[in-house]
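Chemist: Just one file: final_23.txt, with compact mmCIF, N, CA and C atoms.
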```
# COMPACT_ATOMS: atom_id res chain seq x y z
N MET A 1 56.89 179.06 136.49
CA MET A 1 57.79 180.08 135.98
C MET A 1 59.13 179.97 136.73
N LYS A 2 60.20 180.27 135.99
CA LYS A 2 61.54 180.23 136.55
C LYS A 2 62.07 181.65 136.69
N GLU A 3 63.02 181.82 137.60
CA GLU A 3 63.61 183.14 137.83
C GLU A 3 64.86 183.31 136.97
N PHE A 4 65.01 184.53 136.44
CA PHE A 4 66.18 184.89 135.64
C PHE A 4 66.65 186.28 136.05
N MET A 5 67.95 186.51 135.88
CA MET A 5 68.52 187.83 136.09
C MET A 5 68.99 188.34 134.74
N LEU A 6 68.55 189.53 134.39
CA LEU A 6 69.03 190.21 133.19
C LEU A 6 70.01 191.28 133.67
N LEU A 7 71.27 191.11 133.36
CA LEU A 7 72.29 192.08 133.72
C LEU A 7 72.52 192.97 132.51
N ILE A 8 72.18 194.22 132.64
CA ILE A 8 72.26 195.16 131.53
C ILE A 8 73.66 195.76 131.51
N ARG A 9 74.36 195.53 130.41
CA ARG A 9 75.74 196.03 130.26
C ARG A 9 75.77 197.07 129.15
N ASN A 10 76.57 198.09 129.37
CA ASN A 10 76.77 199.10 128.34
C ASN A 10 78.07 199.83 128.63
N GLU A 11 78.51 200.60 127.66
CA GLU A 11 79.69 201.42 127.89
C GLU A 11 79.33 202.51 128.89
N ASP A 12 80.26 202.81 129.75
CA ASP A 12 80.02 203.78 130.82
C ASP A 12 79.52 205.12 130.30
N ASP A 13 79.99 205.52 129.14
CA ASP A 13 79.63 206.82 128.59
C ASP A 13 78.61 206.73 127.45
N SER A 14 77.85 205.64 127.39
CA SER A 14 76.96 205.40 126.24
C SER A 14 75.87 206.44 126.06
N LYS A 15 75.53 207.16 127.10
CA LYS A 15 74.45 208.13 126.99
C LYS A 15 74.87 209.57 127.30
N THR A 16 76.18 209.82 127.38
CA THR A 16 76.63 211.17 127.73
C THR A 16 76.30 212.20 126.66
N ASP A 17 76.15 211.77 125.42
CA ASP A 17 75.82 212.71 124.34
C ASP A 17 74.31 212.93 124.18
N PHE A 18 73.50 212.27 125.01
CA PHE A 18 72.05 212.45 124.92
C PHE A 18 71.67 213.88 125.29
N SER A 19 70.77 214.44 124.52
CA SER A 19 70.19 215.72 124.91
C SER A 19 69.25 215.45 126.09
N SER A 20 68.83 216.49 126.75
CA SER A 20 67.88 216.34 127.86
C SER A 20 66.60 215.66 127.39
N GLU A 21 66.15 216.03 126.19
CA GLU A 21 64.92 215.44 125.64
C GLU A 21 65.10 213.95 125.33
N LYS A 22 66.25 213.60 124.74
CA LYS A 22 66.49 212.19 124.41
C LYS A 22 66.64 211.36 125.68
N ASP A 23 67.28 211.93 126.71
CA ASP A 23 67.42 211.22 127.98
C ASP A 23 66.04 210.96 128.59
N LYS A 24 65.16 211.94 128.57
CA LYS A 24 63.80 211.76 129.09
C LYS A 24 63.04 210.72 128.26
N GLU A 25 63.24 210.72 126.96
CA GLU A 25 62.61 209.75 126.07
C GLU A 25 63.08 208.33 126.43
N PHE A 26 64.39 208.17 126.64
CA PHE A 26 64.94 206.88 127.03
C PHE A 26 64.35 206.42 128.37
N LEU A 27 64.33 207.31 129.35
CA LEU A 27 63.80 206.96 130.67
C LEU A 27 62.32 206.58 130.59
N LYS A 28 61.57 207.29 129.76
CA LYS A 28 60.15 206.95 129.58
C LYS A 28 60.02 205.57 128.94
N ALA A 29 60.88 205.26 127.97
CA ALA A 29 60.85 203.93 127.34
C ALA A 29 61.14 202.84 128.38
N CYS A 30 62.06 203.12 129.32
CA CYS A 30 62.34 202.17 130.40
C CYS A 30 61.12 201.98 131.28
N GLU A 31 60.44 203.07 131.60
CA GLU A 31 59.22 202.98 132.42
C GLU A 31 58.16 202.14 131.72
N VAL A 32 57.98 202.35 130.43
CA VAL A 32 56.99 201.59 129.66
C VAL A 32 57.37 200.10 129.64
N TYR A 33 58.65 199.80 129.45
CA TYR A 33 59.15 198.43 129.45
C TYR A 33 58.86 197.77 130.80
N ILE A 34 59.17 198.47 131.89
CA ILE A 34 58.94 197.94 133.23
C ILE A 34 57.45 197.73 133.48
N GLU A 35 56.62 198.68 133.11
CA GLU A 35 55.18 198.53 133.31
C GLU A 35 54.63 197.34 132.53
N GLY A 36 55.15 197.09 131.33
CA GLY A 36 54.74 195.93 130.55
C GLY A 36 55.12 194.62 131.23
N LEU A 37 56.33 194.58 131.82
CA LEU A 37 56.75 193.39 132.55
C LEU A 37 55.87 193.16 133.77
N ILE A 38 55.51 194.23 134.47
CA ILE A 38 54.61 194.11 135.62
C ILE A 38 53.25 193.58 135.17
N LYS A 39 52.70 194.18 134.12
CA LYS A 39 51.38 193.79 133.61
C LYS A 39 51.35 192.32 133.21
N ASN A 40 52.43 191.83 132.63
CA ASN A 40 52.49 190.44 132.17
C ASN A 40 52.91 189.47 133.27
N GLY A 41 53.17 189.97 134.47
CA GLY A 41 53.56 189.10 135.58
C GLY A 41 54.98 188.59 135.51
N ASN A 42 55.85 189.30 134.77
CA ASN A 42 57.24 188.85 134.60
C ASN A 42 58.23 189.52 135.53
N LEU A 43 57.87 190.64 136.12
CA LEU A 43 58.86 191.40 136.87
C LEU A 43 58.84 191.09 138.36
N ILE A 44 60.02 190.79 138.90
CA ILE A 44 60.19 190.69 140.35
C ILE A 44 60.76 192.00 140.86
N LYS A 45 61.84 192.47 140.21
CA LYS A 45 62.47 193.72 140.62
C LYS A 45 63.35 194.24 139.49
N ALA A 46 63.50 195.55 139.40
CA ALA A 46 64.37 196.16 138.41
C ALA A 46 64.92 197.46 138.99
N GLN A 47 66.22 197.67 138.78
CA GLN A 47 66.82 198.91 139.25
C GLN A 47 68.05 199.25 138.41
N PRO A 48 68.25 200.54 138.16
CA PRO A 48 69.51 200.96 137.52
C PRO A 48 70.59 200.99 138.59
N LEU A 49 71.83 200.93 138.16
CA LEU A 49 72.97 201.04 139.08
C LEU A 49 73.72 202.33 138.80
N ILE A 50 74.09 203.02 139.85
CA ILE A 50 74.88 204.25 139.72
C ILE A 50 76.26 203.86 139.24
N ARG A 51 76.82 204.64 138.36
CA ARG A 51 78.08 204.29 137.72
C ARG A 51 79.30 204.67 138.55
N GLU A 52 79.29 204.26 139.79
CA GLU A 52 80.46 204.40 140.66
C GLU A 52 80.38 203.29 141.69
N GLY A 53 81.50 202.93 142.25
CA GLY A 53 81.53 201.87 143.24
C GLY A 53 82.94 201.38 143.46
N LYS A 54 83.07 200.27 144.13
CA LYS A 54 84.37 199.68 144.44
C LYS A 54 84.34 198.19 144.10
N MET A 55 85.51 197.67 143.75
CA MET A 55 85.68 196.24 143.50
C MET A 55 86.55 195.71 144.62
N LEU A 56 86.05 194.73 145.36
CA LEU A 56 86.76 194.13 146.48
C LEU A 56 87.30 192.78 146.06
N THR A 57 88.59 192.56 146.30
CA THR A 57 89.22 191.27 146.03
C THR A 57 90.08 190.88 147.22
N GLY A 58 90.39 189.61 147.33
CA GLY A 58 91.25 189.12 148.40
C GLY A 58 90.51 188.21 149.36
N SER A 59 91.14 187.95 150.49
CA SER A 59 90.53 187.13 151.53
C SER A 59 91.38 187.18 152.79
N ASN A 60 90.82 186.75 153.91
CA ASN A 60 91.55 186.62 155.17
C ASN A 60 92.36 187.85 155.55
N GLY A 61 91.76 189.00 155.40
CA GLY A 61 92.43 190.23 155.80
C GLY A 61 93.38 190.82 154.78
N ALA A 62 93.61 190.15 153.68
CA ALA A 62 94.48 190.67 152.62
C ALA A 62 93.59 191.21 151.50
N TRP A 63 92.91 192.30 151.78
CA TRP A 63 91.93 192.85 150.84
C TRP A 63 92.54 193.92 149.96
N THR A 64 92.04 194.00 148.75
CA THR A 64 92.35 195.08 147.84
C THR A 64 91.03 195.70 147.44
N VAL A 65 90.94 197.01 147.58
CA VAL A 65 89.73 197.74 147.19
C VAL A 65 90.14 198.68 146.07
N GLY A 66 89.54 198.48 144.91
CA GLY A 66 89.91 199.29 143.76
C GLY A 66 88.69 199.80 143.03
N PRO A 67 88.89 200.34 141.86
CA PRO A 67 87.76 200.84 141.07
C PRO A 67 86.85 199.67 140.67
N TYR A 68 85.57 199.93 140.58
CA TYR A 68 84.63 198.86 140.29
C TYR A 68 84.76 198.36 138.86
N SER A 69 85.32 199.15 137.97
CA SER A 69 85.44 198.71 136.59
C SER A 69 86.75 199.19 136.01
N GLU A 70 87.43 198.28 135.36
CA GLU A 70 88.67 198.66 134.69
C GLU A 70 88.49 198.66 133.18
N SER A 71 87.25 198.49 132.73
CA SER A 71 86.97 198.52 131.29
C SER A 71 85.91 199.57 131.02
N LYS A 72 85.65 199.83 129.75
CA LYS A 72 84.62 200.80 129.38
C LYS A 72 83.23 200.27 129.68
N GLU A 73 83.08 198.93 129.65
CA GLU A 73 81.76 198.33 129.84
C GLU A 73 81.47 198.15 131.34
N VAL A 74 80.26 198.52 131.73
CA VAL A 74 79.83 198.36 133.12
C VAL A 74 78.42 197.78 133.14
N ILE A 75 78.06 197.19 134.26
CA ILE A 75 76.67 196.77 134.46
C ILE A 75 75.91 198.01 134.88
N VAL A 76 74.93 198.42 134.07
CA VAL A 76 74.21 199.67 134.33
C VAL A 76 72.87 199.44 135.04
N GLY A 77 72.47 198.18 135.16
CA GLY A 77 71.23 197.88 135.86
C GLY A 77 70.90 196.41 135.76
N TYR A 78 69.80 196.05 136.40
CA TYR A 78 69.38 194.65 136.35
C TYR A 78 67.86 194.55 136.38
N TYR A 79 67.39 193.44 135.88
CA TYR A 79 65.98 193.07 135.96
C TYR A 79 65.93 191.65 136.50
N HIS A 80 65.23 191.44 137.59
CA HIS A 80 64.99 190.11 138.15
C HIS A 80 63.60 189.74 137.65
N ILE A 81 63.53 188.73 136.78
CA ILE A 81 62.27 188.44 136.09
C ILE A 81 61.85 186.99 136.27
N LEU A 82 60.62 186.73 135.86
CA LEU A 82 60.07 185.39 135.75
C LEU A 82 59.80 185.10 134.28
N ALA A 83 60.17 183.91 133.84
CA ALA A 83 59.88 183.48 132.47
C ALA A 83 59.72 181.96 132.49
N ASN A 84 59.05 181.44 131.49
CA ASN A 84 58.84 179.99 131.43
C ASN A 84 60.15 179.23 131.24
N ASP A 85 61.06 179.81 130.45
CA ASP A 85 62.31 179.13 130.13
C ASP A 85 63.32 180.16 129.61
N MET A 86 64.50 179.69 129.26
CA MET A 86 65.55 180.59 128.77
C MET A 86 65.11 181.35 127.52
N ASP A 87 64.42 180.67 126.61
CA ASP A 87 63.96 181.35 125.39
C ASP A 87 63.01 182.50 125.74
N GLY A 88 62.14 182.28 126.71
CA GLY A 88 61.23 183.34 127.14
C GLY A 88 61.97 184.50 127.78
N ALA A 89 63.00 184.19 128.58
CA ALA A 89 63.80 185.24 129.21
C ALA A 89 64.57 186.04 128.16
N VAL A 90 65.09 185.35 127.16
CA VAL A 90 65.81 186.04 126.07
C VAL A 90 64.85 186.95 125.31
N ALA A 91 63.64 186.48 125.06
CA ALA A 91 62.65 187.31 124.36
C ALA A 91 62.35 188.57 125.15
N ILE A 92 62.22 188.44 126.47
CA ILE A 92 61.99 189.62 127.31
C ILE A 92 63.19 190.56 127.24
N ALA A 93 64.40 190.02 127.29
CA ALA A 93 65.61 190.83 127.25
C ALA A 93 65.72 191.61 125.94
N LYS A 94 65.28 191.03 124.84
CA LYS A 94 65.37 191.70 123.54
C LYS A 94 64.56 192.99 123.50
N GLY A 95 63.55 193.11 124.36
CA GLY A 95 62.74 194.32 124.39
C GLY A 95 63.32 195.44 125.22
N ASN A 96 64.48 195.24 125.83
CA ASN A 96 65.07 196.26 126.70
C ASN A 96 65.40 197.51 125.90
N PRO A 97 65.01 198.69 126.41
CA PRO A 97 65.25 199.94 125.70
C PRO A 97 66.72 200.28 125.43
N GLU A 98 67.65 199.71 126.17
CA GLU A 98 69.07 199.97 125.91
C GLU A 98 69.41 199.69 124.45
N PHE A 99 68.79 198.64 123.87
CA PHE A 99 69.09 198.28 122.49
C PHE A 99 68.58 199.32 121.49
N ALA A 100 67.46 199.96 121.81
CA ALA A 100 66.88 200.94 120.90
C ALA A 100 67.61 202.29 120.95
N TYR A 101 68.31 202.56 122.05
CA TYR A 101 68.90 203.88 122.24
C TYR A 101 70.43 203.91 122.14
N THR A 102 71.08 202.74 122.17
CA THR A 102 72.53 202.71 122.04
C THR A 102 72.93 201.52 121.17
N THR A 103 74.14 201.57 120.67
CA THR A 103 74.63 200.46 119.85
C THR A 103 75.61 199.58 120.61
N THR A 104 75.86 199.90 121.87
CA THR A 104 76.86 199.17 122.64
C THR A 104 76.27 198.33 123.76
N ALA A 105 74.96 198.23 123.82
CA ALA A 105 74.29 197.48 124.90
C ALA A 105 74.45 195.98 124.72
N ARG A 106 74.57 195.31 125.86
CA ARG A 106 74.53 193.84 125.90
C ARG A 106 73.73 193.46 127.14
N VAL A 107 72.96 192.39 127.04
CA VAL A 107 72.20 191.91 128.19
C VAL A 107 72.61 190.47 128.45
N GLU A 108 73.08 190.23 129.65
CA GLU A 108 73.44 188.89 130.08
C GLU A 108 72.20 188.26 130.71
N VAL A 109 71.75 187.15 130.19
CA VAL A 109 70.54 186.46 130.68
C VAL A 109 71.00 185.23 131.45
N ARG A 110 70.70 185.19 132.75
CA ARG A 110 71.18 184.10 133.59
C ARG A 110 70.04 183.51 134.41
N PRO A 111 69.90 182.18 134.42
CA PRO A 111 68.92 181.56 135.31
C PRO A 111 69.39 181.71 136.76
N ILE A 112 68.45 181.85 137.66
CA ILE A 112 68.77 181.98 139.08
C ILE A 112 68.52 180.65 139.76
N LYS A 113 69.50 180.21 140.53
CA LYS A 113 69.35 178.99 141.31
C LYS A 113 68.56 179.34 142.57
N THR A 114 67.42 178.74 142.75
CA THR A 114 66.59 179.03 143.91
C THR A 114 66.72 177.97 145.01
N LYS A 115 67.30 176.81 144.65
CA LYS A 115 67.40 175.71 145.62
C LYS A 115 68.65 174.88 145.32
N GLU A 116 69.35 174.49 146.39
CA GLU A 116 70.48 173.58 146.26
C GLU A 116 69.97 172.15 146.23
N VAL A 117 70.28 171.43 145.18
CA VAL A 117 69.80 170.05 145.04
C VAL A 117 70.41 169.16 146.12
N ALA A 118 71.71 169.28 146.37
CA ALA A 118 72.39 168.38 147.30
C ALA A 118 71.90 168.51 148.74
N THR A 119 71.55 169.74 149.15
CA THR A 119 71.16 169.96 150.55
C THR A 119 69.69 170.34 150.73
N ALA A 120 68.99 170.59 149.64
CA ALA A 120 67.59 171.02 149.65
C ALA A 120 67.42 172.42 150.26
N TYR A 121 68.53 173.15 150.40
CA TYR A 121 68.45 174.51 150.93
C TYR A 121 67.77 175.41 149.90
N VAL A 122 66.75 176.14 150.35
CA VAL A 122 66.05 177.09 149.50
C VAL A 122 66.56 178.48 149.85
N TYR A 123 67.08 179.16 148.84
CA TYR A 123 67.62 180.50 149.05
C TYR A 123 66.51 181.49 149.36
N PRO A 124 66.74 182.43 150.29
CA PRO A 124 65.71 183.42 150.63
C PRO A 124 65.44 184.34 149.45
N THR A 125 64.20 184.76 149.31
CA THR A 125 63.82 185.61 148.20
C THR A 125 63.64 187.07 148.60
N GLY A 126 63.48 187.34 149.85
CA GLY A 126 63.28 188.73 150.27
C GLY A 126 61.89 189.23 150.01
N LYS A 127 60.98 188.33 149.65
CA LYS A 127 59.61 188.75 149.36
C LYS A 127 58.82 188.89 150.63
```
Now, as a test, write the supplied structure out as structure tokens.
Modeler:
Amino acid sequence: MKEFMLLIRNEDDSKTDFSSEKDKEFLKACEVYIEGLIKNGNLIKAQPLIREGKMLTGSNGAWTVGPYSESKEVIVGYYHILANDMDGAVAIAKGNPEFAYTTTARVEVRPIKTKEVATAYVYPTGK
């Protein structure tokens, strides 16, 4: 199995109109999705991201610290998963509840490099 990162993107205000009941329904759908990934042996880690932060740019002491997002779209969470290949990772991403509850969701599916070929360095996993 290969490692993939699913970066969940959505508009910052995509769920502000949710009623309390709909918000709980969405959160329960996320829990069910996560439990399914655990049961199938696909999940390494998953967490939502709080919609505030800072964006750091610059180098050598010439830093600029600004708002984390200058657009409506933000990364709202991530899933670090295992899948056989990119097609398998995409299939897992398609089941994300963001798609069922909003029309503005996008999921970026990226393979994770676990080892540098040139130096044979293996990146730490934190496991």
Chemist: Looking only at the backbone, which of the residues in chain A does DSSP tag as strand (DSSP E), as a ChimeraX atom specification?
Modeler: /A:2-11,43-48,54-59,62-67,73-83,106-111
Chemist: To one decimal in Å, tell me the separation between atom N of A:Asn84 and atom C of A:Lys39.
Modeler: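 Between atom N of A:Asn84 and atom C of A:Lys39 the gap works out to 13.4 Å.
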Chemist: Tell me which protein, DNA and RNA residues are within 12 Å of A:Gly88, counting only C-alpha atoms, leaving out same-chain ones fewer than 3 positions away, and put them as a ChimeraX atom specification.
Modeler: /A:1-4,42,81-85,91-95,109-111
Chemist: Could you pull out the residues in chain A that DSSP calls helix (DSSP H, G or I) from the backbone, as a compact mmCIF listing (two decimals) with N, CA and C atoms, in the frame of the given file?
Modeler:
```txt
# COMPACT_ATOMS: atom_id res chain seq x y z
N SER A 20 68.83 216.49 126.75
CA SER A 20 67.88 216.34 127.86
C SER A 20 66.60 215.66 127.39
N GLU A 21 66.15 216.03 126.19
CA GLU A 21 64.92 215.44 125.64
C GLU A 21 65.10 213.95 125.33
N LYS A 22 66.25 213.60 124.74
CA LYS A 22 66.49 212.19 124.41
C LYS A 22 66.64 211.36 125.68
N ASP A 23 67.28 211.93 126.71
CA ASP A 23 67.42 211.22 127.98
C ASP A 23 66.04 210.96 128.59
N LYS A 24 65.16 211.94 128.57
CA LYS A 24 63.80 211.76 129.09
C LYS A 24 63.04 210.72 128.26
N GLU A 25 63.24 210.72 126.96
CA GLU A 25 62.61 209.75 126.07
C GLU A 25 63.08 208.33 126.43
N PHE A 26 64.39 208.17 126.64
CA PHE A 26 64.94 206.88 127.03
C PHE A 26 64.35 206.42 128.37
N LEU A 27 64.33 207.31 129.35
CA LEU A 27 63.80 206.96 130.67
C LEU A 27 62.32 206.58 130.59
N LYS A 28 61.57 207.29 129.76
CA LYS A 28 60.15 206.95 129.58
C LYS A 28 60.02 205.57 128.94
N ALA A 29 60.88 205.26 127.97
CA ALA A 29 60.85 203.93 127.34
C ALA A 29 61.14 202.84 128.38
N CYS A 30 62.06 203.12 129.32
CA CYS A 30 62.34 202.17 130.40
C CYS A 30 61.12 201.98 131.28
N GLU A 31 60.44 203.07 131.60
CA GLU A 31 59.22 202.98 132.42
C GLU A 31 58.16 202.14 131.72
N VAL A 32 57.98 202.35 130.43
CA VAL A 32 56.99 201.59 129.66
C VAL A 32 57.37 200.10 129.64
N TYR A 33 58.65 199.80 129.45
CA TYR A 33 59.15 198.43 129.45
C TYR A 33 58.86 197.77 130.80
N ILE A 34 59.17 198.47 131.89
CA ILE A 34 58.94 197.94 133.23
C ILE A 34 57.45 197.73 133.48
N GLU A 35 56.62 198.68 133.11
CA GLU A 35 55.18 198.53 133.31
C GLU A 35 54.63 197.34 132.53
N GLY A 36 55.15 197.09 131.33
CA GLY A 36 54.74 195.93 130.55
C GLY A 36 55.12 194.62 131.23
N LEU A 37 56.33 194.58 131.82
CA LEU A 37 56.75 193.39 132.55
C LEU A 37 55.87 193.16 133.77
N ILE A 38 55.51 194.23 134.47
CA ILE A 38 54.61 194.11 135.62
C ILE A 38 53.25 193.58 135.17
N LYS A 39 52.70 194.18 134.12
CA LYS A 39 51.38 193.79 133.61
C LYS A 39 51.35 192.32 133.21
N MET A 86 64.50 179.69 129.26
CA MET A 86 65.55 180.59 128.77
C MET A 86 65.11 181.35 127.52
N ASP A 87 64.42 180.67 126.61
CA ASP A 87 63.96 181.35 125.39
C ASP A 87 63.01 182.50 125.74
N GLY A 88 62.14 182.28 126.71
CA GLY A 88 61.23 183.34 127.14
C GLY A 88 61.97 184.50 127.78
N ALA A 89 63.00 184.19 128.58
CA ALA A 89 63.80 185.24 129.21
C ALA A 89 64.57 186.04 128.16
N VAL A 90 65.09 185.35 127.16
CA VAL A 90 65.81 186.04 126.07
C VAL A 90 64.85 186.95 125.31
N ALA A 91 63.64 186.48 125.06
CA ALA A 91 62.65 187.31 124.36
C ALA A 91 62.35 188.57 125.15
N ILE A 92 62.22 188.44 126.47
CA ILE A 92 61.99 189.62 127.31
C ILE A 92 63.19 190.56 127.24
N ALA A 93 64.40 190.02 127.29
CA ALA A 93 65.61 190.83 127.25
C ALA A 93 65.72 191.61 125.94
N LYS A 94 65.28 191.03 124.84
CA LYS A 94 65.37 191.70 123.54
C LYS A 94 64.56 192.99 123.50
N PRO A 97 65.01 198.69 126.41
CA PRO A 97 65.25 199.94 125.70
C PRO A 97 66.72 200.28 125.43
N GLU A 98 67.65 199.71 126.17
CA GLU A 98 69.07 199.97 125.91
C GLU A 98 69.41 199.69 124.45
N PHE A 99 68.79 198.64 123.87
CA PHE A 99 69.09 198.28 122.49
C PHE A 99 68.58 199.32 121.49
N ALA A 100 67.46 199.96 121.81
CA ALA A 100 66.88 200.94 120.90
C ALA A 100 67.61 202.29 120.95
N TYR A 101 68.31 202.56 122.05
CA TYR A 101 68.90 203.88 122.24
C TYR A 101 70.43 203.91 122.14
```
Chemist: Leaving out A:Glu11 and any residue of its chain fewer than 5 positions from it, which residues lie within 5 Å of it when counting all atoms listed in the file, given as a VMD selection string?
Modeler: chain A and resid 72 to 74
Chemist: Distance atom N of A:Val32-atom N of A:Gly53, one decimal place?
Modeler: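 So the two atoms, atom N of A:Val32 and atom N of A:Gly53, lie 26.3 Å apart.
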Chemist: Mind listing as a list in words all residues within 9 Å of (74.2, 197.7, 135.8), counting only C-alpha atoms?
Modeler: Leu7, Ile8, Arg9, Asn10, Gln47, Pro48, Leu49, Ile50, Arg51, Val74, Ile75, Val76, Gly77 and Tyr78 of chain A
Chemist: From the set A:Leu43, A:Gly66, A:Glu52, A:Glu25, which residue has the shortest atom-to-atom contact distance to A:His80, counting all atoms listed in the file?
Modeler: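 Counting all atoms listed in the file, the residue closest to A:His80 is A:Leu43.
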Chemist: Using only C-alpha atoms for the distances, tell me which of A:Asp87, A:Lys15, A:Met5, A:Leu37 is nearest to A:Lys113.
Modeler: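 Closest candidate: A:Met5.
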Chemist: Suppose you want the space between atom CA of A:Glu35 and atom CA of A:Ile112; what is it in Å?
Modeler: 22.2 Å
Chemist: Given the block above, output stretch 30-100 of chain A with C-alpha atoms as a PDB file, in the first residue's frame.
Modeler:
```pdb
ATOM      1  CA  CYS A  30     -17.625  12.310   8.806  1.00  0.00           C
ATOM      2  CA  GLU A  31     -17.383   9.931  11.771  1.00  0.00           C
ATOM      3  CA  VAL A  32     -18.926   7.109   9.715  1.00  0.00           C
ATOM      4  CA  TYR A  33     -16.524   7.850   6.819  1.00  0.00           C
ATOM      5  CA  ILE A  34     -13.530   7.777   9.189  1.00  0.00           C
ATOM      6  CA  GLU A  35     -14.678   4.561  10.875  1.00  0.00           C
ATOM      7  CA  GLY A  36     -15.035   2.924   7.444  1.00  0.00           C
ATOM      8  CA  LEU A  37     -11.489   3.946   6.526  1.00  0.00           C
ATOM      9  CA  ILE A  38     -10.216   2.509   9.823  1.00  0.00           C
ATOM     10  CA  LYS A  39     -12.146  -0.746   9.312  1.00  0.00           C
ATOM     11  CA  ASN A  40     -10.729  -1.147   5.796  1.00  0.00           C
ATOM     12  CA  GLY A  41      -7.164  -0.407   6.931  1.00  0.00           C
ATOM     13  CA  ASN A  42      -6.907   2.790   4.859  1.00  0.00           C
ATOM     14  CA  LEU A  43      -6.607   5.465   7.527  1.00  0.00           C
ATOM     15  CA  ILE A  44      -3.351   6.684   9.021  1.00  0.00           C
ATOM     16  CA  LYS A  45      -4.665   9.982  10.400  1.00  0.00           C
ATOM     17  CA  ALA A  46      -7.461  12.498   9.801  1.00  0.00           C
ATOM     18  CA  GLN A  47      -8.141  15.883  11.331  1.00  0.00           C
ATOM     19  CA  PRO A  48     -10.156  19.000  10.556  1.00  0.00           C
ATOM     20  CA  LEU A  49      -8.347  22.333  10.526  1.00  0.00           C
ATOM     21  CA  ILE A  50      -9.589  25.387  12.389  1.00  0.00           C
ATOM     22  CA  ARG A  51     -10.370  28.179   9.966  1.00  0.00           C
ATOM     23  CA  GLU A  52      -7.818  30.644  11.271  1.00  0.00           C
ATOM     24  CA  GLY A  53      -4.052  30.852  11.068  1.00  0.00           C
ATOM     25  CA  LYS A  54      -1.129  32.708   9.544  1.00  0.00           C
ATOM     26  CA  MET A  55       0.745  32.494   6.251  1.00  0.00           C
ATOM     27  CA  LEU A  56       4.515  32.907   6.593  1.00  0.00           C
ATOM     28  CA  THR A  57       6.613  34.017   3.614  1.00  0.00           C
ATOM     29  CA  GLY A  58      10.174  35.241   3.195  1.00  0.00           C
ATOM     30  CA  SER A  59      13.589  34.066   4.321  1.00  0.00           C
ATOM     31  CA  ASN A  60      16.762  35.092   6.165  1.00  0.00           C
ATOM     32  CA  GLY A  61      15.017  37.365   8.620  1.00  0.00           C
ATOM     33  CA  ALA A  62      12.882  39.146   6.022  1.00  0.00           C
ATOM     34  CA  TRP A  63       9.613  37.518   7.051  1.00  0.00           C
ATOM     35  CA  THR A  64       6.071  38.524   6.273  1.00  0.00           C
ATOM     36  CA  VAL A  65       3.283  37.100   8.399  1.00  0.00           C
ATOM     37  CA  GLY A  66      -0.165  37.584   6.973  1.00  0.00           C
ATOM     38  CA  PRO A  67      -3.591  35.988   6.826  1.00  0.00           C
ATOM     39  CA  TYR A  68      -3.525  32.287   6.067  1.00  0.00           C
ATOM     40  CA  SER A  69      -5.908  32.663   3.144  1.00  0.00           C
ATOM     41  CA  GLU A  70      -6.539  35.457   0.722  1.00  0.00           C
ATOM     42  CA  SER A  71      -9.257  33.558  -1.144  1.00  0.00           C
ATOM     43  CA  LYS A  72     -12.645  32.137  -0.213  1.00  0.00           C
ATOM     44  CA  GLU A  73     -11.304  28.590  -0.523  1.00  0.00           C
ATOM     45  CA  VAL A  74      -9.379  27.100   2.396  1.00  0.00           C
ATOM     46  CA  ILE A  75      -8.043  23.693   3.359  1.00  0.00           C
ATOM     47  CA  VAL A  76     -10.586  22.546   5.953  1.00  0.00           C
ATOM     48  CA  GLY A  77      -8.950  19.243   6.857  1.00  0.00           C
ATOM     49  CA  TYR A  78      -6.860  16.335   5.739  1.00  0.00           C
ATOM     50  CA  TYR A  79      -6.833  12.563   5.590  1.00  0.00           C
ATOM     51  CA  HIS A  80      -3.515  10.683   5.524  1.00  0.00           C
ATOM     52  CA  ILE A  81      -4.478   7.375   3.941  1.00  0.00           C
ATOM     53  CA  LEU A  82      -3.184   4.139   2.484  1.00  0.00           C
ATOM     54  CA  ALA A  83      -4.320   2.948  -0.941  1.00  0.00           C
ATOM     55  CA  ASN A  84      -2.988   0.558  -3.554  1.00  0.00           C
ATOM     56  CA  ASP A  85      -2.606   3.303  -6.156  1.00  0.00           C
ATOM     57  CA  MET A  86      -3.850   6.729  -7.241  1.00  0.00           C
ATOM     58  CA  ASP A  87      -7.127   5.287  -8.549  1.00  0.00           C
ATOM     59  CA  GLY A  88      -7.774   3.699  -5.156  1.00  0.00           C
ATOM     60  CA  ALA A  89      -6.982   6.961  -3.369  1.00  0.00           C
ATOM     61  CA  VAL A  90      -9.334   8.860  -5.693  1.00  0.00           C
ATOM     62  CA  ALA A  91     -12.085   6.317  -5.006  1.00  0.00           C
ATOM     63  CA  ILE A  92     -11.627   6.856  -1.262  1.00  0.00           C
ATOM     64  CA  ALA A  93     -11.699  10.645  -1.737  1.00  0.00           C
ATOM     65  CA  LYS A  94     -14.987  10.451  -3.652  1.00  0.00           C
ATOM     66  CA  GLY A  95     -16.675   9.126  -0.511  1.00  0.00           C
ATOM     67  CA  ASN A  96     -15.792  12.207   1.550  1.00  0.00           C
ATOM     68  CA  PRO A  97     -18.909  13.730   3.164  1.00  0.00           C
ATOM     69  CA  GLU A  98     -17.952  17.259   2.051  1.00  0.00           C
ATOM     70  CA  PHE A  99     -19.288  16.337  -1.400  1.00  0.00           C
ATOM     71  CA  ALA A 100     -22.664  15.222  -0.046  1.00  0.00           C
TER      72      ALA A 100
END
```
